[in-house]
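Next comes work_32.pdb, with PDB, C-alpha atoms and all ligand atoms.
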```
ATOM      1  CA  MET U   1      97.288  89.827 117.217  1.00  0.00           C
ATOM      2  CA  VAL U   2      97.923  93.549 116.818  1.00  0.00           C
ATOM      3  CA  LYS U   3      96.153  95.144 113.886  1.00  0.00           C
ATOM      4  CA  VAL U   4      98.167  97.905 112.197  1.00  0.00           C
ATOM      5  CA  LYS U   5      96.112 100.712 110.710  1.00  0.00           C
ATOM      6  CA  ARG U   6      97.188 101.836 107.259  1.00  0.00           C
ATOM      7  CA  ARG U   7      97.609 105.515 106.587  1.00  0.00           C
ATOM      8  CA  ARG U   8      97.381 107.348 103.312  1.00  0.00           C
ATOM      9  CA  ALA U   9      98.077 110.864 102.141  1.00  0.00           C
ATOM     10  CA  VAL U  10      95.168 113.199 101.443  1.00  0.00           C
ATOM     11  CA  ILE U  11      95.928 116.398  99.534  1.00  0.00           C
ATOM     12  CA  SER U  12      93.653 119.418  99.922  1.00  0.00           C
ATOM     13  CA  ARG U  13      92.933 121.067  96.604  1.00  0.00           C
ATOM     14  CA  ASP U  14      91.852 124.233  98.408  1.00  0.00           C
ATOM     15  CA  ILE U  15      95.303 125.141  99.716  1.00  0.00           C
ATOM     16  CA  TYR U  16      97.598 123.227  97.392  1.00  0.00           C
ATOM     17  CA  VAL U  17     100.208 125.428  95.645  1.00  0.00           C
ATOM     18  CA  ALA U  18     101.381 123.003  92.883  1.00  0.00           C
ATOM     19  CA  CYS U  19     105.074 123.232  93.809  1.00  0.00           C
ATOM     20  CA  GLY U  20     105.686 119.541  93.110  1.00  0.00           C
ATOM     21  CA  SER U  21     107.573 118.830  96.362  1.00  0.00           C
ATOM     22  CA  CYS U  22     105.338 115.861  97.153  1.00  0.00           C
ATOM     23  CA  GLU U  23     105.959 114.357  93.748  1.00  0.00           C
ATOM     24  CA  ASP U  24     109.733 114.748  94.191  1.00  0.00           C
ATOM     25  CA  VAL U  25     109.903 112.841  97.489  1.00  0.00           C
ATOM     26  CA  CYS U  26     107.262 110.141  96.985  1.00  0.00           C
ATOM     27  CA  PRO U  27     109.043 106.753  96.831  1.00  0.00           C
ATOM     28  CA  LYS U  28     106.069 105.036  95.176  1.00  0.00           C
ATOM     29  CA  GLY U  29     105.027 107.543  92.530  1.00  0.00           C
ATOM     30  CA  ALA U  30     101.724 107.949  94.341  1.00  0.00           C
ATOM     31  CA  ALA U  31     101.797 111.740  94.753  1.00  0.00           C
ATOM     32  CA  ARG U  32     101.405 113.433  91.397  1.00  0.00           C
ATOM     33  CA  VAL U  33     100.878 116.954  90.151  1.00  0.00           C
ATOM     34  CA  ILE U  34      98.066 116.997  87.617  1.00  0.00           C
ATOM     35  CA  ARG U  35      98.333 119.513  84.757  1.00  0.00           C
ATOM     36  CA  GLY U  36     100.397 121.813  86.977  1.00  0.00           C
ATOM     37  CA  SER U  37      97.366 122.943  88.923  1.00  0.00           C
ATOM     38  CA  TYR U  38      96.565 120.400  91.604  1.00  0.00           C
ATOM     39  CA  ALA U  39      97.898 117.158  93.055  1.00  0.00           C
ATOM     40  CA  GLU U  40      96.512 113.868  94.179  1.00  0.00           C
ATOM     41  CA  ALA U  41      97.837 110.829  96.006  1.00  0.00           C
ATOM     42  CA  ASP U  42      96.876 107.482  94.506  1.00  0.00           C
ATOM     43  CA  ALA U  43      95.600 105.478  97.469  1.00  0.00           C
ATOM     44  CA  SER U  44      96.397 102.195  95.723  1.00  0.00           C
ATOM     45  CA  LEU U  45     100.107 103.128  95.586  1.00  0.00           C
ATOM     46  CA  CYS U  46     100.521 105.168  98.778  1.00  0.00           C
ATOM     47  CA  ILE U  47     102.363 103.354 101.578  1.00  0.00           C
ATOM     48  CA  GLY U  48     101.698 106.063 104.155  1.00  0.00           C
ATOM     49  CA  CYS U  49     105.322 107.021 104.713  1.00  0.00           C
ATOM     50  CA  GLY U  50     104.452 110.674 105.365  1.00  0.00           C
ATOM     51  CA  ARG U  51     107.308 112.189 103.342  1.00  0.00           C
ATOM     52  CA  CYS U  52     104.953 114.336 101.281  1.00  0.00           C
ATOM     53  CA  GLU U  53     103.312 115.727 104.407  1.00  0.00           C
ATOM     54  CA  MET U  54     106.710 116.713 105.832  1.00  0.00           C
ATOM     55  CA  VAL U  55     107.882 118.619 102.740  1.00  0.00           C
ATOM     56  CA  CYS U  56     104.659 120.379 101.724  1.00  0.00           C
ATOM     57  CA  PRO U  57     105.263 124.144 102.190  1.00  0.00           C
ATOM     58  CA  ALA U  58     101.529 124.869 102.172  1.00  0.00           C
ATOM     59  CA  GLY U  59     100.525 122.276 104.750  1.00  0.00           C
ATOM     60  CA  ALA U  60      98.091 120.879 102.196  1.00  0.00           C
ATOM     61  CA  ILE U  61      98.773 117.210 102.936  1.00  0.00           C
ATOM     62  CA  THR U  62      97.468 115.269 105.908  1.00  0.00           C
ATOM     63  CA  MET U  63      97.832 111.613 106.732  1.00  0.00           C
ATOM     64  CA  GLU U  64      94.545 109.853 107.352  1.00  0.00           C
ATOM     65  CA  VAL U  65      93.732 106.319 108.428  1.00  0.00           C
ATOM     66  CA  ALA U  66      92.794 104.298 105.370  1.00  0.00           C
ATOM     67  CA  GLU U  67      89.463 102.459 105.384  1.00  0.00           C
TER      68      GLU U  67
HETATM   69  S1  LIG U 101     102.637 109.200 102.145  1.00  0.00           S
HETATM   70 FE1  LIG U 101     104.544 108.522 101.109  1.00  0.00          FE
HETATM   71  S2  LIG U 101     103.860 107.019  99.550  1.00  0.00           S
HETATM   72 FE2  LIG U 101     102.026 108.179 100.203  1.00  0.00          FE
HETATM   73  S3  LIG U 101     101.833 109.847  98.696  1.00  0.00           S
HETATM   74 FE3  LIG U 101     103.019 110.661 100.465  1.00  0.00          FE
HETATM   75  S4  LIG U 101     105.192 110.343  99.916  1.00  0.00           S
HETATM   76 FE4  LIG U 101     103.940 109.033  98.527  1.00  0.00          FE
END
```
In structure tokens, how does this file's structure come out?
Ligand code: SF4
Amino acid sequence: MVKVKRRRAVISRDIYVACGSCEDVCPKGAARVIRGSYAEADASLCIGCGRCEMVCPAGAITMEVAE
């Protein structure tokens, strides 16, 4: 049986620019801008589709293998 590794989005607060692009494209409502200053991806909602990573103009989002 092949085991599929889950991925999830991780957003760096150091380089995030709060543009909201991730929030706009997230199909699960997992990526959210908080108080207009930073963003986070709720790991319990994230399905690892990678859309937020593709649209982020700052390159602040990386996909990591979920534990
Ligand atoms: S990887 Fe997909 S589901 Fe997860 S936060 Fe990014 S856009 Fe949303």
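For Arg13 in chain U, the non-local neighbours within 10 Å, defined as residues at least 4 positions apart in the same chain or in other chains and counting all atoms listed in the file, are Val17, Ala18, Ser37, Tyr38, Ala39, Glu40, Ala60 and Ile61 of chain U.
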Dump as a short mmCIF file (atom, residue, chain, number, x, y, z; two decimals), in the frame of the given file, selection limited to C-alpha atoms:
```
data_model
loop_
_atom_site.label_atom_id
_atom_site.label_comp_id
_atom_site.auth_asym_id
_atom_site.auth_seq_id
_atom_site.Cartn_x
_atom_site.Cartn_y
_atom_site.Cartn_z
CA VAL U 17 100.21 125.43 95.64
CA ALA U 18 101.38 123.00 92.88
CA SER U 37 97.37 122.94 88.92
CA TYR U 38 96.56 120.40 91.60
CA ALA U 39 97.90 117.16 93.06
CA GLU U 40 96.51 113.87 94.18
CA ALA U 60 98.09 120.88 102.20
CA ILE U 61 98.77 117.21 102.94
#
```
Exercise for review: Please check which protein, DNA or RNA residues sit within 7 Å of ligand LIG 101 (chain U), counting all atoms listed in the file, and write them as a ChimeraX atom specification.
Suggested key: /U:8-9,22,25-31,41-42,45-53
**Study point:** Expansion of the PyMOL selection byres (((chain U and resi 58) around 8) and not hetatm) into residues, as number ranges by chain
**Key:** U: 15-17, 56-57, 59-60
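In this comparison, which uses all atoms listed in the file, the residue of U:Val10, U:Val4, U:Cys19, U:Ala66 approaching Val33 in chain U most closely is U:Cys19.
With distances restricted to only C-alpha atoms, U:Ser44 is the closest residue to Arg7 in chain U from U:Ile34, U:Val55, U:Ser44, U:Ser21.
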**Study point:** Residue nearest Glu64 in chain U among U:Asp14, U:Gly36, U:Glu23, U:Lys5 (counting only C-alpha atoms)
**Key:** U:Lys5
Padding of 8 Å on every side, edges along x, y and z, all listed atoms of range 40-57 of chain U included: what centre and edge lengths in Å, to one decimal, does that box have, as AutoDock Vina command-line options?
```
--center_x 101.7 --center_y 113.2 --center_z 100.0 --size_x 28.3 --size_y 37.9 --size_z 27.7
```
Supply range 34-55 of chain U as a CSV table (one decimal), keeping the file's coordinate frame, with N, CA and C atoms built in where the input has gaps.
```csv
chain,number,residue,atom,x,y,z
U,34,ILE,N,98.9,117.2,88.8
U,34,ILE,CA,98.1,117.0,87.6
U,34,ILE,C,97.9,118.3,86.9
U,35,ARG,N,98.4,118.3,85.6
U,35,ARG,CA,98.3,119.5,84.8
U,35,ARG,C,98.8,120.8,85.4
U,36,GLY,N,99.8,120.7,86.3
U,36,GLY,CA,100.4,121.8,87.0
U,36,GLY,C,99.5,122.6,87.9
U,37,SER,N,98.3,122.1,88.2
U,37,SER,CA,97.4,122.9,88.9
U,37,SER,C,96.9,122.3,90.2
U,38,TYR,N,96.9,121.0,90.3
U,38,TYR,CA,96.6,120.4,91.6
U,38,TYR,C,97.3,119.1,91.7
U,39,ALA,N,97.2,118.4,92.9
U,39,ALA,CA,97.9,117.2,93.1
U,39,ALA,C,97.0,116.2,93.7
U,40,GLU,N,97.3,114.9,93.5
U,40,GLU,CA,96.5,113.9,94.2
U,40,GLU,C,97.5,112.7,94.6
U,41,ALA,N,97.1,112.0,95.6
U,41,ALA,CA,97.8,110.8,96.0
U,41,ALA,C,97.0,109.6,95.7
U,42,ASP,N,97.6,108.7,94.9
U,42,ASP,CA,96.9,107.5,94.5
U,42,ASP,C,96.9,106.5,95.7
U,43,ALA,N,95.7,106.3,96.3
U,43,ALA,CA,95.6,105.5,97.5
U,43,ALA,C,96.1,104.0,97.2
U,44,SER,N,96.0,103.6,96.0
U,44,SER,CA,96.4,102.2,95.7
U,44,SER,C,97.9,102.0,95.7
U,45,LEU,N,98.6,103.2,95.6
U,45,LEU,CA,100.1,103.1,95.6
U,45,LEU,C,100.7,103.6,96.9
U,46,CYS,N,100.0,104.5,97.6
U,46,CYS,CA,100.5,105.2,98.8
U,46,CYS,C,100.8,104.1,99.9
U,47,ILE,N,102.0,104.2,100.5
U,47,ILE,CA,102.4,103.4,101.6
U,47,ILE,C,102.3,104.1,102.9
U,48,GLY,N,101.9,105.3,102.9
U,48,GLY,CA,101.7,106.1,104.2
U,48,GLY,C,103.0,106.5,104.9
U,49,CYS,N,104.0,106.7,104.1
U,49,CYS,CA,105.3,107.0,104.7
U,49,CYS,C,105.4,108.4,105.3
U,50,GLY,N,104.5,109.3,104.8
U,50,GLY,CA,104.5,110.7,105.4
U,50,GLY,C,105.5,111.7,104.8
U,51,ARG,N,106.3,111.3,103.9
U,51,ARG,CA,107.3,112.2,103.3
U,51,ARG,C,106.7,113.4,102.7
U,52,CYS,N,105.6,113.2,102.0
U,52,CYS,CA,105.0,114.3,101.3
U,52,CYS,C,104.4,115.3,102.3
U,53,GLU,N,103.9,114.8,103.4
U,53,GLU,CA,103.3,115.7,104.4
U,53,GLU,C,104.4,116.6,105.0
U,54,MET,N,105.6,116.0,105.2
U,54,MET,CA,106.7,116.7,105.8
U,54,MET,C,107.3,117.8,104.9
U,55,VAL,N,107.2,117.6,103.6
U,55,VAL,CA,107.9,118.6,102.7
U,55,VAL,C,106.9,119.7,102.2
```
